[in-house]
Structure formats: C-alpha cells, structure tokens
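Q: Next comes final_2.txt, compact mmCIF, C-alpha atoms and all ligand atoms:
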# COMPACT_ATOMS: atom_id res chain seq x y z
CA MET A 1 8.70 -67.24 15.48
CA SER A 2 11.84 -69.34 15.81
CA TYR A 3 15.18 -67.58 15.88
CA PRO A 4 16.43 -68.73 12.40
CA TYR A 5 13.24 -67.38 10.78
CA TYR A 6 13.47 -64.17 12.75
CA ARG A 7 17.08 -63.77 11.62
CA LYS A 8 16.11 -64.40 7.98
CA LEU A 9 13.42 -61.74 8.27
CA VAL A 10 15.84 -59.22 9.78
CA ASN A 11 18.34 -60.02 7.02
CA LEU A 12 15.69 -59.48 4.38
CA PHE A 13 15.02 -55.90 5.47
CA TYR A 14 18.40 -55.05 6.96
CA PRO A 15 20.97 -57.19 5.18
CA ALA A 16 24.21 -57.36 7.11
CA ARG A 17 27.10 -56.33 4.90
CA CYS A 18 30.70 -57.41 5.22
CA MET A 19 32.66 -54.41 6.50
CA PHE A 20 35.43 -55.10 3.98
CA CYS A 21 34.01 -56.36 0.66
CA ARG A 22 30.48 -54.93 1.34
CA ARG A 23 28.74 -58.12 0.19
CA ASN A 24 25.42 -58.92 1.82
CA MET A 25 25.73 -61.80 4.25
CA GLU A 26 23.13 -64.41 5.02
CA ASP A 27 24.40 -65.60 8.36
CA GLU A 28 27.36 -63.95 10.04
CA ARG A 29 26.11 -60.81 11.74
CA ARG A 30 28.24 -60.99 14.87
CA LEU A 31 31.56 -59.88 13.40
CA LEU A 32 30.15 -58.20 10.26
CA ILE A 33 32.85 -59.93 8.23
CA CYS A 34 32.15 -62.52 5.51
CA PRO A 35 33.96 -65.88 5.74
CA ASP A 36 36.25 -65.04 2.78
CA CYS A 37 37.42 -61.74 4.26
CA LEU A 38 37.73 -63.27 7.72
CA ALA A 39 40.05 -65.96 6.38
CA ALA A 40 42.02 -63.49 4.26
CA TYR A 41 42.63 -60.96 7.03
CA GLU A 42 43.24 -63.56 9.73
CA SER A 43 46.04 -64.92 7.56
CA HIS A 44 47.82 -61.56 7.91
CA GLY A 45 48.69 -62.59 11.46
CA ILE A 46 50.21 -60.29 14.05
CA GLN A 47 53.02 -58.16 12.65
CA LYS A 48 55.37 -55.70 14.33
CA PHE A 49 56.96 -52.35 13.67
CA LEU A 50 59.58 -50.45 15.60
CA LEU A 51 58.41 -47.49 17.64
CA PRO A 52 60.59 -44.38 17.75
CA GLY A 53 62.87 -43.78 20.73
CA THR A 54 63.13 -46.41 23.40
CA TYR A 55 59.60 -47.76 23.35
CA GLY A 56 60.34 -51.05 21.62
CA ILE A 57 57.91 -52.57 19.19
CA CYS A 58 54.27 -52.15 18.38
CA GLU A 59 52.22 -55.11 17.26
CA TYR A 60 49.46 -54.69 14.72
CA ALA A 61 46.89 -56.85 12.98
CA LEU A 62 46.05 -55.20 9.65
CA ASP A 63 47.64 -53.05 6.97
CA TYR A 64 45.92 -49.71 6.62
CA ARG A 65 45.08 -49.78 2.93
CA ASP A 66 42.35 -50.66 0.41
CA GLU A 67 39.28 -52.30 1.96
CA VAL A 68 40.75 -52.12 5.49
CA ARG A 69 41.24 -48.36 5.11
CA GLN A 70 37.66 -47.91 3.87
CA ALA A 71 36.28 -50.00 6.75
CA LEU A 72 38.32 -48.05 9.32
CA LEU A 73 37.20 -44.72 7.89
CA ARG A 74 33.57 -45.83 8.31
CA PHE A 75 34.37 -47.12 11.81
CA LYS A 76 36.01 -43.88 12.83
CA PHE A 77 34.10 -41.16 11.01
CA SER A 78 30.77 -42.57 9.81
CA GLY A 79 29.30 -43.89 13.02
CA MET A 80 29.96 -47.58 12.35
CA ALA A 81 30.80 -48.31 16.00
CA GLN A 82 29.36 -51.79 15.53
CA TYR A 83 32.53 -52.74 13.60
CA ALA A 84 34.49 -52.81 16.89
CA ARG A 85 33.93 -56.46 17.71
CA GLY A 86 34.92 -57.71 14.26
CA LEU A 87 38.00 -55.49 14.13
CA ALA A 88 39.16 -56.37 17.65
CA HIS A 89 38.92 -60.04 16.66
CA PHE A 90 42.10 -59.60 14.58
CA MET A 91 44.05 -58.29 17.58
CA LEU A 92 43.13 -61.13 19.94
CA PRO A 93 46.04 -63.40 18.91
CA ALA A 94 48.46 -60.70 20.15
CA VAL A 95 47.30 -61.07 23.73
CA ASP A 96 49.84 -63.65 24.73
CA THR A 97 49.12 -65.34 28.06
CA HIS A 98 52.83 -65.02 28.90
CA MET A 99 52.56 -61.25 28.86
CA HIS A 100 50.86 -61.16 32.30
CA ILE A 101 48.82 -58.14 31.39
CA ASP A 102 47.09 -56.45 34.34
CA TYR A 103 44.97 -54.03 32.35
CA ILE A 104 43.94 -53.29 28.81
CA SER A 105 43.77 -49.58 28.08
CA TRP A 106 43.67 -47.27 25.07
CA ALA A 107 45.02 -44.05 23.59
CA PRO A 108 42.01 -41.76 24.09
CA ILE A 109 40.68 -38.99 21.86
CA SER A 110 40.12 -35.50 23.30
CA PRO A 111 36.79 -34.63 24.98
CA ILE A 112 35.96 -32.24 22.11
CA ARG A 113 36.50 -34.96 19.52
CA HIS A 114 34.56 -37.38 21.70
CA MET A 115 31.64 -34.97 21.82
CA ARG A 116 31.60 -34.65 18.03
CA ARG A 117 32.03 -38.37 17.33
CA THR A 118 29.99 -39.61 20.34
CA TYR A 119 32.35 -42.55 20.85
CA ASP A 120 36.05 -43.25 21.18
CA GLN A 121 36.94 -45.86 18.57
CA SER A 122 40.11 -47.05 20.35
CA LYS A 123 38.18 -47.49 23.60
CA LEU A 124 35.64 -49.65 21.75
CA LEU A 125 38.47 -51.79 20.38
CA ALA A 126 40.12 -52.06 23.80
CA ALA A 127 36.78 -52.97 25.42
CA GLU A 128 36.16 -55.73 22.87
CA LEU A 129 39.70 -57.01 23.34
CA ALA A 130 39.28 -56.98 27.13
CA ARG A 131 35.98 -58.82 26.84
CA GLY A 132 37.48 -61.36 24.44
CA CYS A 133 40.41 -62.27 26.67
CA GLY A 134 38.98 -61.63 30.13
CA ILE A 135 41.47 -58.93 31.18
CA PRO A 136 40.13 -55.82 32.97
CA LEU A 137 39.65 -52.67 30.94
CA LEU A 138 40.99 -49.54 32.65
CA ARG A 139 41.09 -45.91 31.56
CA THR A 140 44.69 -44.96 32.23
CA LEU A 141 44.90 -41.74 30.20
CA HIS A 142 43.03 -38.52 29.54
CA LYS A 143 43.79 -36.40 26.52
CA TRP A 144 43.55 -32.84 27.70
CA LYS A 145 45.07 -31.18 24.62
CA HIS A 146 42.85 -30.94 21.55
CA ASN A 147 45.55 -31.08 18.90
CA ARG A 148 45.43 -31.31 15.13
CA PRO A 149 44.62 -34.73 13.64
CA GLN A 150 47.86 -36.73 13.32
CA SER A 151 46.86 -37.94 9.84
CA LYS A 152 47.39 -34.42 8.46
CA LEU A 153 50.99 -34.14 9.68
CA SER A 154 54.39 -35.44 8.68
CA GLY A 155 56.72 -37.56 10.86
CA HIS A 156 58.42 -35.01 13.13
CA GLN A 157 55.32 -32.80 13.29
CA ARG A 158 53.38 -35.77 14.68
CA THR A 159 55.82 -36.11 17.58
CA LEU A 160 55.56 -32.40 18.41
CA ASN A 161 51.79 -32.42 17.99
CA VAL A 162 51.20 -35.01 20.74
CA GLN A 163 53.87 -33.83 23.17
CA GLY A 164 52.32 -33.39 26.62
CA ALA A 165 48.85 -34.19 25.26
CA TYR A 166 48.00 -36.90 27.81
CA ARG A 167 47.65 -37.14 31.57
CA ALA A 168 47.54 -40.32 33.59
CA SER A 169 44.34 -41.38 35.27
CA HIS A 170 43.81 -44.04 37.99
CA CYS A 171 47.44 -43.64 39.04
CA ALA A 172 47.14 -46.03 42.00
CA GLN A 173 46.29 -48.88 39.64
CA ILE A 174 48.90 -47.87 37.05
CA LYS A 175 51.78 -48.09 39.55
CA GLY A 176 53.62 -51.37 38.94
CA ALA A 177 51.06 -52.55 36.36
CA ARG A 178 51.70 -54.16 32.99
CA ILE A 179 49.42 -52.44 30.54
CA LEU A 180 48.38 -53.35 27.02
CA LEU A 181 47.76 -50.05 25.25
CA VAL A 182 45.46 -50.06 22.22
CA ASP A 183 45.37 -47.58 19.36
CA ASP A 184 43.29 -47.80 16.21
CA ILE A 185 45.72 -46.71 13.48
CA ALA A 186 49.44 -46.20 14.02
CA THR A 187 51.64 -44.60 11.40
CA THR A 188 54.86 -43.41 13.02
CA GLY A 189 53.68 -44.58 16.46
CA SER A 190 54.19 -41.14 18.03
CA THR A 191 50.77 -41.20 19.74
CA LEU A 192 51.52 -44.58 21.33
CA CYS A 193 54.98 -43.40 22.40
CA GLU A 194 53.60 -40.29 24.07
CA CYS A 195 50.95 -42.40 25.84
CA ALA A 196 53.57 -44.96 26.94
CA LYS A 197 55.83 -42.15 28.18
CA THR A 198 52.97 -40.76 30.30
CA LEU A 199 52.20 -44.21 31.72
CA TYR A 200 55.86 -44.93 32.56
CA LYS A 201 56.05 -41.56 34.32
CA ALA A 202 52.99 -42.60 36.34
CA GLY A 203 54.82 -45.76 37.44
CA ALA A 204 53.68 -48.45 34.97
CA ALA A 205 55.96 -51.50 35.04
CA TYR A 206 55.54 -52.21 31.33
CA VAL A 207 53.51 -50.88 28.43
CA TYR A 208 52.78 -53.17 25.48
CA CYS A 209 51.64 -51.29 22.41
CA ILE A 210 49.18 -52.69 19.92
CA ALA A 211 47.50 -50.99 16.99
CA LEU A 212 44.67 -52.41 14.97
CA ALA A 213 46.28 -51.21 11.75
CA HIS A 214 49.62 -49.83 10.65
CA GLY A 215 49.73 -47.24 7.93
CA SER A 216 53.32 -47.22 6.76
CA ASP A 217 56.17 -49.52 5.81
CA GLU A 218 58.52 -47.28 7.76
CA GLY A 219 60.12 -49.18 10.65
CA LYS A 220 58.31 -52.41 9.80
CA ILE A 221 60.07 -55.49 11.13
CA GLU A 222 60.10 -58.45 8.76
CA THR A 223 58.77 -61.38 10.75
CA ASN A 224 57.21 -64.72 10.09
CA LYS A 225 53.50 -64.42 10.61
CA THR A 226 53.01 -64.86 14.31
CA SER A 227 49.83 -65.93 15.96
CA HIS A 228 50.79 -66.44 19.55
CA GLY A 229 47.52 -66.57 21.32
ZN ZN A 301 33.90 -59.76 2.82
Translate this file's structure into structure tokens.
A:
Amino acid sequence: MSYPYYRKLVNLFYPARCMFCRRNMEDERRLLICPDCLAAYESHGIQKFLLPGTYGICEYALDYRDEVRQALLRFKFSGMAQYARGLAHFMLPAVDTHMHIDYISWAPISPIRHMRRTYDQSKLLAAELARGCGIPLLRTLHKWKHNRPQSKLSGHQRTLNVQGAYRASHCAQIKGARILLVDDIATTGSTLCECAKTLYKAGAAYVYCIALAHGSDEGKIETNKTSHG
C-alpha cells in the first residue's frame, strides 16, 4: 500500500484534529494544526513582557486565552504530549542566531508532578525547540520542592511559592553558558525568574527566558510583531 493511501486509511479511522479549532484534518498530521489556525497564530509573532526584578524581558509566542488555553490545558493535563511539536513551532522564530545560545533548557516540574503526569510539558517544548534549531538540550535545573500550582495563587504569593524551589544541575556546563530557558505558560514570570536566579548563581553567563504563552496583560511591552529568526 502506498503511503498516501495508508495515510488516508489512518485518517479515516483516526482523524487528526486541529489542536485549536478541533476540525478534522485531511493532511497535516505533523503539527496537528490546520492551515487556518497555523496562519492565524503565526501572525501573532514573538511578543515580550517585562519580568519582575532585574531579569529583563521574557519572549512569548501565544496569548493564553480561548482556543490556545483549551489546547494548552489538553497538552498539560489530558495527556496530549503529541501537541509539543506544533506548539514549539511558534517559539522557533525567537531563537535568534545572534543570541549565541549554548544550551536550551526548561523550567522543570517536581518529581511528584512528573510521576502523576508522566511527562514534563516544558521539557517536551524545549526538546522540540532544540531539535528544530539544532542547539543542544540540557537539563540545568531540578525542582526539589513540590509547591502549590502557581495558577492558584496571586502575584506576590507566586514569588514566595517558588522561592528556593530549584537546584542547578550539570553545573560544569552551566558555568559561562548562555542558556535559553523555556516555560510553558508564564503569568507574572516568577517561575522563570526563580529559575534564572538559580542559573546565574550557578555561573550562567546569560539566561534568555521564553514562554510558549503569556497569561496576563500585566507588564506586557507594546512592540511591533517581531519574527527574528
Ligand atoms: Zn484549526
């Protein structure tokens, strides 16, 4: 059986659905995003918001609302790990060749959460991003504190909740390295700040923060849509 026929047969029994609008798709199974949604969400471009403290900006690719929110909830809590490639696709333009990134890393979940969920969604995003741009993926952090989910807390509580929650890993590689740190959803950015703080303490030369989605207008920097990749 030739591949197009095989694919038609697979689609007949297991139709691939767009992760955003949920329409069945005839062809595009790789990203799990229909052409209309792909065009619409690509046009969002890479945006930025200001992180608290002295950690600069965080870039992000999507606004955490409506269909994006529903897709990310399925990605994170309903086992739809296969969304990672399609979602990471929107972050690729942020990996500017001028950044000289040594490693791509991620803000990890705790071992207890990992056991329950069976995968770390931010690691999947970071791995897809690393694969897409040919930069090595490196675990730089362990989360040793099993804290309350950030989504249930208000601004200041989020900062306190993640304080001291991470420890650096692979310290020899971190020293002097420029690291692109990936998180799935950033609201105030306190998780990314705590991770960046831990990496700077371990000797990182620079930490670039990127989130797949941003969940608040707070701190958002008005920019022209940038696509610098
Ligand atoms: Zn769609």
Q: If I take CA of Val207 in chain A and CA of Ala88 in chain A, how far is one from the other in Å, to one decimal?
A: 18.8 Å
Q: Return as a list in words the residues of protein, DNA or RNA that approach ligand ZN 301 (chain A) to within 7 Å, with all atoms listed in the file taken into account.
A: Cys18, Met19, Phe20, Cys21, Arg22, Arg23, Ile33, Cys34, Pro35, Asp36 and Cys37 of chain A
Q: Around the point (37.0, -51.8, 20.7) (coordinates from the file), which residues reach within 10 Å if we count all atoms listed in the file? Answer as a compact mmCIF listing (two decimals) with C-alpha atoms, keeping the file's coordinate frame.
A:
# COMPACT_ATOMS: atom_id res chain seq x y z
CA ALA A 81 30.80 -48.31 16.00
CA GLN A 82 29.36 -51.79 15.53
CA TYR A 83 32.53 -52.74 13.60
CA ALA A 84 34.49 -52.81 16.89
CA ARG A 85 33.93 -56.46 17.71
CA GLY A 86 34.92 -57.71 14.26
CA LEU A 87 38.00 -55.49 14.13
CA ALA A 88 39.16 -56.37 17.65
CA HIS A 89 38.92 -60.04 16.66
CA TRP A 106 43.67 -47.27 25.07
CA ASP A 120 36.05 -43.25 21.18
CA GLN A 121 36.94 -45.86 18.57
CA SER A 122 40.11 -47.05 20.35
CA LYS A 123 38.18 -47.49 23.60
CA LEU A 124 35.64 -49.65 21.75
CA LEU A 125 38.47 -51.79 20.38
CA ALA A 126 40.12 -52.06 23.80
CA ALA A 127 36.78 -52.97 25.42
CA GLU A 128 36.16 -55.73 22.87
CA LEU A 129 39.70 -57.01 23.34
CA ALA A 130 39.28 -56.98 27.13
CA ARG A 131 35.98 -58.82 26.84
CA VAL A 182 45.46 -50.06 22.22
CA ASP A 183 45.37 -47.58 19.36
CA ASP A 184 43.29 -47.80 16.21
CA LEU A 212 44.67 -52.41 14.97
Q: CA of Ile46 in chain A and CA of Ala205 in chain A, how far apart in Å?
A: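 These two atoms are separated by 23.5 Å.
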Q: Report as a tab-separated table the residues of range 73-115 of chain A within 10 Å of range 135-144 of chain A, each with its shortest atom pair and distance in Å (one decimal), using all atoms listed in the file, ordered by chain and increasing residue number.
A:
residue	atom	partner	partner_atom	distance
A:Val95	CA	A:Ile135	CA	9.7
A:His100	CA	A:Ile135	CA	9.7
A:Ile101	CA	A:Ile135	CA	7.4
A:Asp102	CA	A:Ile135	CA	6.9
A:Tyr103	CA	A:Pro136	CA	5.2
A:Ile104	CA	A:Leu137	CA	4.8
A:Ser105	CA	A:Leu138	CA	5.3
A:Trp106	CA	A:Arg139	CA	7.1
A:Ala107	CA	A:Leu141	CA	7.0
A:Pro108	CA	A:Lys143	CA	6.1
A:Ile109	CA	A:Lys143	CA	6.2
A:Ser110	CA	A:Lys143	CA	5.0
A:Pro111	CA	A:Lys143	CA	7.4
A:Ile112	CA	A:Trp144	CA	9.4
Q: To one decimal in Å, tell me the separation between CA of Tyr119 in chain A and CA of Thr187 in chain A.
A: 21.6 Å
Q: Any idea what's packed within 7 Å of Glu59 in chain A, counting only C-alpha atoms, ignoring anything in its chain fewer than 5 positions away? Could you give it as JSON, numbers by chain?
A: {"A": [46, 47, 48, 49, 209, 210, 211]}
Q: Choose the residue, out of A:Leu73, A:Ile179, A:Ile185, A:Cys193, that has the smallest atom-to-atom separation from Leu160 in chain A; count all atoms listed in the file.
A: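 Nearest candidate to Leu160 in chain A out of A:Leu73, A:Ile179, A:Ile185, A:Cys193: A:Cys193.
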Q: Using all atoms of range 204-213 of chain A that appear in the file, construct an axis-aligned enclosing box with 8 Å of padding on every side and provide its centre coordinates and edge lengths in Å, rounded to one decimal, as JSON.
A:
{"center_x": 50.3, "center_y": -50.8, "center_z": 23.4, "size_x": 27.3, "size_y": 20.7, "size_z": 39.3}
Q: Could you list, as a ChimeraX atom specification, every residue within 9 Å of Ala186 in chain A, counting all atoms listed in the file and ignoring same-chain residues fewer than 2 positions away?
A: /A:58,60,64,183-184,188-192,210-216
